[in-house]
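Q: Please find input20.pdb (PDB, C-alpha atoms) on the next line:
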ATOM      1  CA  MET A   1     -83.228  83.917 -87.724
ATOM      2  CA  ILE A   2     -79.978  83.806 -89.694
ATOM      3  CA  TYR A   3     -78.812  81.714 -92.628
ATOM      4  CA  GLU A   4     -75.439  80.356 -93.616
ATOM      5  CA  LEU A   5     -74.709  79.805 -97.290
ATOM      6  CA  ARG A   6     -71.798  77.416 -97.748
ATOM      7  CA  THR A   7     -70.132  76.585-101.065
ATOM      8  CA  TYR A   8     -67.694  73.689-101.433
ATOM      9  CA  THR A   9     -65.552  73.296-104.533
ATOM     10  CA  LEU A  10     -64.845  69.619-105.115
ATOM     11  CA  THR A  11     -61.941  67.968-106.906
ATOM     12  CA  PRO A  12     -63.028  67.389-110.532
ATOM     13  CA  GLY A  13     -64.668  63.994-110.828
ATOM     14  CA  LYS A  14     -65.237  63.625-107.086
ATOM     15  CA  LEU A  15     -68.661  65.256-106.785
ATOM     16  CA  PRO A  16     -70.598  61.956-107.102
ATOM     17  CA  GLU A  17     -68.475  60.430-104.314
ATOM     18  CA  TYR A  18     -69.061  63.456-102.108
ATOM     19  CA  LEU A  19     -72.834  63.372-102.684
ATOM     20  CA  LYS A  20     -72.968  59.669-101.868
ATOM     21  CA  LEU A  21     -71.116  60.192 -98.595
ATOM     22  CA  ASN A  22     -73.285  63.202 -97.816
ATOM     23  CA  VAL A  23     -76.483  61.161 -98.143
ATOM     24  CA  GLU A  24     -75.338  57.889 -96.635
ATOM     25  CA  VAL A  25     -73.133  59.192 -93.826
ATOM     26  CA  GLY A  26     -73.209  62.945 -93.247
ATOM     27  CA  ARG A  27     -76.952  63.601 -93.256
ATOM     28  CA  LYS A  28     -77.649  60.537 -91.122
ATOM     29  CA  ILE A  29     -75.220  61.771 -88.469
ATOM     30  CA  ARG A  30     -76.070  65.437 -88.533
ATOM     31  CA  GLY A  31     -79.747  65.505 -89.469
ATOM     32  CA  ASP A  32     -81.195  68.860 -88.409
ATOM     33  CA  ASP A  33     -79.892  68.614 -84.861
ATOM     34  CA  TYR A  34     -77.108  71.153 -85.469
ATOM     35  CA  GLY A  35     -78.946  73.682 -87.625
ATOM     36  CA  ARG A  36     -81.674  73.044 -90.182
ATOM     37  CA  LEU A  37     -80.720  72.243 -93.765
ATOM     38  CA  ALA A  38     -82.942  74.485 -95.911
ATOM     39  CA  GLY A  39     -81.560  73.295 -99.252
ATOM     40  CA  SER A  40     -78.547  71.846-101.041
ATOM     41  CA  TRP A  41     -77.605  71.909-104.692
ATOM     42  CA  THR A  42     -74.914  71.284-107.282
ATOM     43  CA  THR A  43     -73.940  73.827-109.917
ATOM     44  CA  GLU A  44     -75.122  73.319-113.484
ATOM     45  CA  PHE A  45     -73.425  76.305-115.184
ATOM     46  CA  GLY A  46     -70.460  78.514-114.353
ATOM     47  CA  THR A  47     -67.947  76.997-111.953
ATOM     48  CA  LEU A  48     -68.689  73.276-111.880
ATOM     49  CA  ASN A  49     -67.984  70.645-109.210
ATOM     50  CA  ARG A  50     -69.591  72.794-106.544
ATOM     51  CA  TYR A  51     -71.899  71.818-103.703
ATOM     52  CA  VAL A  52     -73.975  74.708-102.338
ATOM     53  CA  HIS A  53     -75.917  74.328 -99.095
ATOM     54  CA  LEU A  54     -78.093  76.696 -97.093
ATOM     55  CA  TRP A  55     -78.456  76.320 -93.313
ATOM     56  CA  GLU A  56     -80.899  77.997 -90.962
ATOM     57  CA  TYR A  57     -80.144  78.914 -87.331
ATOM     58  CA  PRO A  58     -82.183  80.827 -84.723
ATOM     59  CA  SER A  59     -79.277  83.249 -84.148
ATOM     60  CA  LEU A  60     -75.521  83.661 -84.531
ATOM     61  CA  ASP A  61     -75.009  82.595 -80.915
ATOM     62  CA  GLU A  62     -77.040  79.448 -81.492
ATOM     63  CA  ARG A  63     -75.073  78.710 -84.669
ATOM     64  CA  GLU A  64     -71.838  78.920 -82.691
ATOM     65  CA  ARG A  65     -73.229  76.665 -79.962
ATOM     66  CA  LEU A  66     -74.592  74.052 -82.366
ATOM     67  CA  ARG A  67     -71.439  73.935 -84.461
ATOM     68  CA  GLY A  68     -69.440  73.515 -81.265
ATOM     69  CA  GLN A  69     -71.597  70.534 -80.370
ATOM     70  CA  LEU A  70     -71.181  69.085 -83.859
ATOM     71  CA  ALA A  71     -67.404  69.324 -83.515
ATOM     72  CA  LYS A  72     -67.688  67.102 -80.429
ATOM     73  CA  ASN A  73     -69.734  64.461 -82.240
ATOM     74  CA  ASP A  74     -67.336  61.531 -82.720
ATOM     75  CA  ALA A  75     -69.323  60.037 -85.577
ATOM     76  CA  TRP A  76     -69.100  63.349 -87.451
ATOM     77  CA  THR A  77     -65.434  64.005 -86.784
ATOM     78  CA  LYS A  78     -64.200  60.429 -87.234
ATOM     79  CA  GLU A  79     -66.585  58.745 -89.663
ATOM     80  CA  TYR A  80     -67.540  61.589 -91.997
ATOM     81  CA  VAL A  81     -65.180  64.585 -92.024
ATOM     82  CA  PRO A  82     -61.977  62.576 -92.761
ATOM     83  CA  ARG A  83     -63.691  60.904 -95.719
ATOM     84  CA  ILE A  84     -64.838  64.130 -97.381
ATOM     85  CA  ARG A  85     -61.878  66.345 -96.495
ATOM     86  CA  THR A  86     -59.680  64.968 -99.282
ATOM     87  CA  LEU A  87     -62.474  65.563-101.831
ATOM     88  CA  ILE A  88     -62.806  69.305-101.134
ATOM     89  CA  LEU A  89     -60.529  71.893-102.746
ATOM     90  CA  ALA A  90     -62.053  75.046-101.229
ATOM     91  CA  GLN A  91     -64.810  76.195 -98.883
ATOM     92  CA  GLU A  92     -66.642  79.524 -98.746
ATOM     93  CA  ASN A  93     -69.417  80.731 -96.500
ATOM     94  CA  LYS A  94     -71.652  83.754 -96.057
ATOM     95  CA  ILE A  95     -73.802  84.711 -93.086
ATOM     96  CA  LEU A  96     -77.125  86.042 -94.346
ATOM     97  CA  SER A  97     -79.956  87.954 -92.708
ATOM     98  CA  PRO A  98     -83.368  87.360 -94.311
ATOM     99  CA  GLN A  99     -85.045  90.343 -95.917
ATOM    100  CA  LEU A 100     -88.086  88.356 -97.025
ATOM    101  CA  PRO A 101     -89.372  85.060 -95.601
ATOM    102  CA  LEU A 102     -87.915  81.889 -97.101
ATOM    103  CA  GLU A 103     -90.714  80.379 -99.213
ATOM    104  CA  PRO A 104     -89.522  77.257-101.054
ATOM    105  CA  PRO A 105     -91.771  75.497-103.566
ATOM    106  CA  ALA A 106     -94.118  72.976-102.007
ATOM    107  CA  ASP A 107     -93.516  70.328-104.660
ATOM    108  CA  SER A 108     -90.503  68.898-106.484
ATOM    109  CA  GLY A 109     -88.977  69.167-109.951
ATOM    110  CA  TRP A 110     -87.500  72.672-109.736
ATOM    111  CA  LEU A 111     -84.411  74.358-111.100
ATOM    112  CA  TYR A 112     -82.995  77.120-108.882
ATOM    113  CA  GLU A 113     -81.184  80.326-109.723
ATOM    114  CA  LEU A 114     -79.033  81.969-107.059
ATOM    115  CA  ARG A 115     -78.108  85.583-107.709
ATOM    116  CA  TRP A 116     -75.662  87.920-105.935
ATOM    117  CA  TYR A 117     -75.869  91.683-106.298
ATOM    118  CA  ARG A 118     -73.090  93.851-104.864
ATOM    119  CA  SER A 119     -73.781  97.564-104.473
ATOM    120  CA  HIS A 120     -71.670 100.646-104.149
ATOM    121  CA  THR A 121     -70.495 101.030-100.560
ATOM    122  CA  GLY A 122     -73.375 101.757 -98.221
ATOM    123  CA  ARG A 123     -76.102 101.446-100.891
ATOM    124  CA  ILE A 124     -77.264  97.853-100.475
ATOM    125  CA  GLY A 125     -80.074  98.812 -98.079
ATOM    126  CA  GLU A 126     -81.426 101.179-100.719
ATOM    127  CA  TRP A 127     -81.283  98.435-103.373
ATOM    128  CA  ILE A 128     -83.044  95.969-101.073
ATOM    129  CA  GLY A 129     -85.755  98.532-100.420
ATOM    130  CA  HIS A 130     -86.373  98.863-104.151
ATOM    131  CA  ILE A 131     -86.510  95.108-104.785
ATOM    132  CA  LYS A 132     -88.896  94.550-101.872
ATOM    133  CA  ASP A 133     -91.186  97.292-103.177
ATOM    134  CA  ILE A 134     -91.277  95.825-106.699
ATOM    135  CA  MET A 135     -91.531  92.190-105.630
ATOM    136  CA  PRO A 136     -95.337  91.943-106.093
ATOM    137  CA  VAL A 137     -94.824  92.990-109.720
ATOM    138  CA  ARG A 138     -91.950  90.554-110.297
ATOM    139  CA  GLU A 139     -93.843  87.713-108.653
ATOM    140  CA  LYS A 140     -96.568  87.969-111.284
ATOM    141  CA  TYR A 141     -94.107  86.033-113.441
ATOM    142  CA  SER A 142     -92.382  83.658-111.004
ATOM    143  CA  LYS A 143     -92.139  83.164-107.251
ATOM    144  CA  ASN A 144     -89.236  84.440-105.214
ATOM    145  CA  VAL A 145     -87.760  81.782-102.914
ATOM    146  CA  GLY A 146     -85.662  83.993-100.657
ATOM    147  CA  LEU A 147     -83.974  87.371-100.311
ATOM    148  CA  TRP A 148     -81.079  87.999 -97.941
ATOM    149  CA  GLN A 149     -78.434  90.567 -97.084
ATOM    150  CA  THR A 150     -74.886  89.355 -96.501
ATOM    151  CA  GLU A 151     -73.740  90.154 -92.964
ATOM    152  CA  ALA A 152     -70.394  88.300 -93.037
ATOM    153  CA  GLY A 153     -68.470  87.472 -96.184
ATOM    154  CA  GLN A 154     -68.834  89.900 -99.074
ATOM    155  CA  LEU A 155     -70.373  93.089 -97.680
ATOM    156  CA  ASN A 156     -72.733  95.453 -99.528
ATOM    157  CA  GLU A 157     -74.317  92.373-101.049
ATOM    158  CA  ALA A 158     -77.816  90.976-101.510
ATOM    159  CA  VAL A 159     -78.529  87.350-102.342
ATOM    160  CA  HIS A 160     -81.764  86.100-103.793
ATOM    161  CA  MET A 161     -83.077  82.810-105.114
ATOM    162  CA  TRP A 162     -85.689  81.973-107.734
ATOM    163  CA  ALA A 163     -87.258  78.666-108.771
ATOM    164  CA  TYR A 164     -88.134  77.664-112.328
ATOM    165  CA  ARG A 165     -89.380  74.450-113.887
ATOM    166  CA  ASP A 166     -86.587  74.526-116.468
ATOM    167  CA  LEU A 167     -84.342  76.904-118.407
ATOM    168  CA  ASN A 168     -87.047  77.542-120.999
ATOM    169  CA  GLU A 169     -89.407  78.801-118.303
ATOM    170  CA  ARG A 170     -86.626  80.967-116.884
ATOM    171  CA  ALA A 171     -86.022  82.576-120.284
ATOM    172  CA  SER A 172     -89.748  83.160-120.809
ATOM    173  CA  VAL A 173     -90.241  84.642-117.330
ATOM    174  CA  ARG A 174     -87.298  86.997-117.638
ATOM    175  CA  ALA A 175     -88.427  88.171-121.078
ATOM    176  CA  ARG A 176     -91.920  88.949-119.791
ATOM    177  CA  ALA A 177     -90.582  90.720-116.695
ATOM    178  CA  ILE A 178     -88.218  92.860-118.770
ATOM    179  CA  ALA A 179     -91.172  93.972-120.896
ATOM    180  CA  ASP A 180     -93.131  95.130-117.836
ATOM    181  CA  PRO A 181     -93.018  98.963-117.503
ATOM    182  CA  GLU A 182     -93.034  98.783-113.697
ATOM    183  CA  TRP A 183     -90.043  96.409-113.723
ATOM    184  CA  GLN A 184     -88.284  98.725-116.160
ATOM    185  CA  ALA A 185     -88.854 101.612-113.758
ATOM    186  CA  PHE A 186     -87.369  99.523-110.941
ATOM    187  CA  LEU A 187     -84.285  98.755-113.052
ATOM    188  CA  GLY A 188     -83.840 102.453-113.762
ATOM    189  CA  LYS A 189     -83.673 103.205-110.023
ATOM    190  CA  ALA A 190     -81.894 100.100-108.755
ATOM    191  CA  THR A 191     -79.295  99.201-111.386
ATOM    192  CA  PRO A 192     -77.153 102.358-110.904
ATOM    193  CA  LEU A 193     -76.670 101.301-107.267
ATOM    194  CA  LEU A 194     -74.848  98.107-108.297
ATOM    195  CA  VAL A 195     -71.218  97.382-109.141
ATOM    196  CA  ASP A 196     -71.404  93.607-109.690
ATOM    197  CA  MET A 197     -73.981  90.924-110.487
ATOM    198  CA  LYS A 198     -73.496  87.153-110.504
ATOM    199  CA  SER A 199     -75.794  84.206-111.074
ATOM    200  CA  ILE A 200     -75.555  80.416-110.945
ATOM    201  CA  ILE A 201     -78.012  77.702-111.898
ATOM    202  CA  LEU A 202     -78.476  75.004-109.273
ATOM    203  CA  ILE A 203     -79.801  71.442-109.379
ATOM    204  CA  PRO A 204     -81.200  70.032-106.094
ATOM    205  CA  ALA A 205     -78.800  67.565-104.458
ATOM    206  CA  PRO A 206     -80.110  64.162-103.310
ATOM    207  CA  SER A 207     -80.294  65.332 -99.676
ATOM    208  CA  SER A 208     -81.953  68.676-100.391
ATOM    209  CA  PRO A 209     -85.308  69.521 -98.732
ATOM    210  CA  MET A 210     -85.920  71.805-101.726
ATOM    211  CA  LYS A 211     -86.461  69.563-104.738
TER     212      LYS A 211
END
Since I need it in another form, could you write the structure as structure tokens?
A:
Amino acid sequence: MIYELRTYTLTPGKLPEYLKLNVEVGRKIRGDDYGRLAGSWTTEFGTLNRYVHLWEYPSLDERERLRGQLAKNDAWTKEYVPRIRTLILAQENKILSPQLPLEPPADSGWLYELRWYRSHTGRIGEWIGHIKDIMPVREKYSKNVGLWQTEAGQLNEAVHMWAYRDLNERASVRARAIADPEWQAFLGKATPLLVDMKSIILIPAPSSPMK
């Protein structure tokens, strides 16, 4: 199984139009016939006017095959893509290999945090090993949604996602985790491996399976 994390930067003011087209046209044409949509979100803090979506494929070969089929779908190429193309300023994507199973919340009403950690060259496997070992401790405070390693895009990078009810819960969870001696020990081993950390807060988009 592989995942593709795509980020679209929209022209300021055009995000509502894009989301409307995505729901009413794009999702109806594409469905999950060309890869499964795991989740889609808009950014709440940081760089705004962004649409972030996560796709699941059985393999890289199957991704290539399915996207080739999608490119031959006349409804997609003629009814949808021309209408959204003028709304998008930039597109980015990352190919991710799962390091832990994707476990989205079963219910709705969640706020999501997506975090990127970039390590010193060749050290990301070591960092991932540490985070997987400490995960039972961290999950005493909140549930991990997913953990991946970037295979194409920014290398030496791990991506992980957390779900919170709101920003107040996020602040409370992080404060309690920081006070945990076992988490502190993890930070002492893992933090020196890193050169960059980024985080964005995401709100589920109307079409998102993760709510």
Q: Neighbours of region 35-44 of chain A within 6 Å (only C-alpha atoms; same-chain residues fewer than 2 positions away dropped), as a list of chain:residue names?
A: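 Surrounding residues, per the criterion: A:Asp32, A:Asp33, A:Leu48, A:Arg50, A:Tyr51, A:Val52, A:His53, A:Leu54, A:Trp55, A:Glu56, A:Tyr57, A:Ile201, A:Leu202, A:Ile203, A:Pro204, A:Ala205, A:Ser208, A:Pro209, A:Met210.
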Q: Please identify all polymer residues lying at most 7 Å from the point (-81.2, 84.1, -106.0) (file coordinates), using only C-alpha atoms, and present the result as a PyMOL selection string.
A: chain A and resi 113-116+146+159-162
Q: I'd like the neighbourhood of region 137-139 of chain A as number ranges by chain, where a residue qualifies if any of its atoms comes within 8 Å (using only C-alpha atoms), though same-chain residues fewer than 4 positions away should be ignored.
A: A: 143-144, 177, 182-183
Q: Interatomic distance between CA of Tyr3 (chain A) and CA of Pro101 (chain A)?
A: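 Atom-to-atom, CA of Tyr3 (chain A) to CA of Pro101 (chain A), that is 11.5 Å.
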Q: Could you tell me how far CA of Glu4 (chain A) lies from CA of Leu60 (chain A), in Å and to one decimal?
A: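 Separation of CA of Glu4 (chain A) and CA of Leu60 (chain A): 9.7 Å.
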Q: State, in Å with one decimal place, the distance from CA of Ala75 (chain A) to CA of Arg63 (chain A).
A: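 Pair CA of Ala75 (chain A) / CA of Arg63 (chain A) returns 19.6 Å.
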Q: Name the residues that the PyMOL selection byres ((chain A and resi 134) around 12) picks from the file above, as a PyMOL selection string, using the file's chain letters and numbers.
A: chain A and resi 127-133+135-140+144+177+180-187+189-190
Q: Which one is closest to Asn22 (chain A): A:Tyr141, A:Tyr164, A:Trp76, A:Tyr117? Count all atoms listed in the file.
A: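 Result for the nearest residue to Asn22 (chain A): A:Trp76.
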Q: Of the residues A:Gln99, A:Ser108, A:Thr11, A:Asn93, which is the one nearest to Pro206 (chain A), using all atoms listed in the file?
A: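 Checking each candidate against Pro206 (chain A), we get A:Ser108 as the closest.
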Q: The PyMOL selection byres ((chain A and resi 151) around 8) - which residues does that actually catch in the file I just gave you? List them as a CSV table (one decimal) with C-alpha atoms, keeping the file's coordinate frame.
A:
chain,number,residue,atom,x,y,z
A,94,LYS,CA,-71.7,83.8,-96.1
A,95,ILE,CA,-73.8,84.7,-93.1
A,96,LEU,CA,-77.1,86.0,-94.3
A,97,SER,CA,-80.0,88.0,-92.7
A,149,GLN,CA,-78.4,90.6,-97.1
A,150,THR,CA,-74.9,89.4,-96.5
A,152,ALA,CA,-70.4,88.3,-93.0
A,153,GLY,CA,-68.5,87.5,-96.2
A,154,GLN,CA,-68.8,89.9,-99.1
A,155,LEU,CA,-70.4,93.1,-97.7
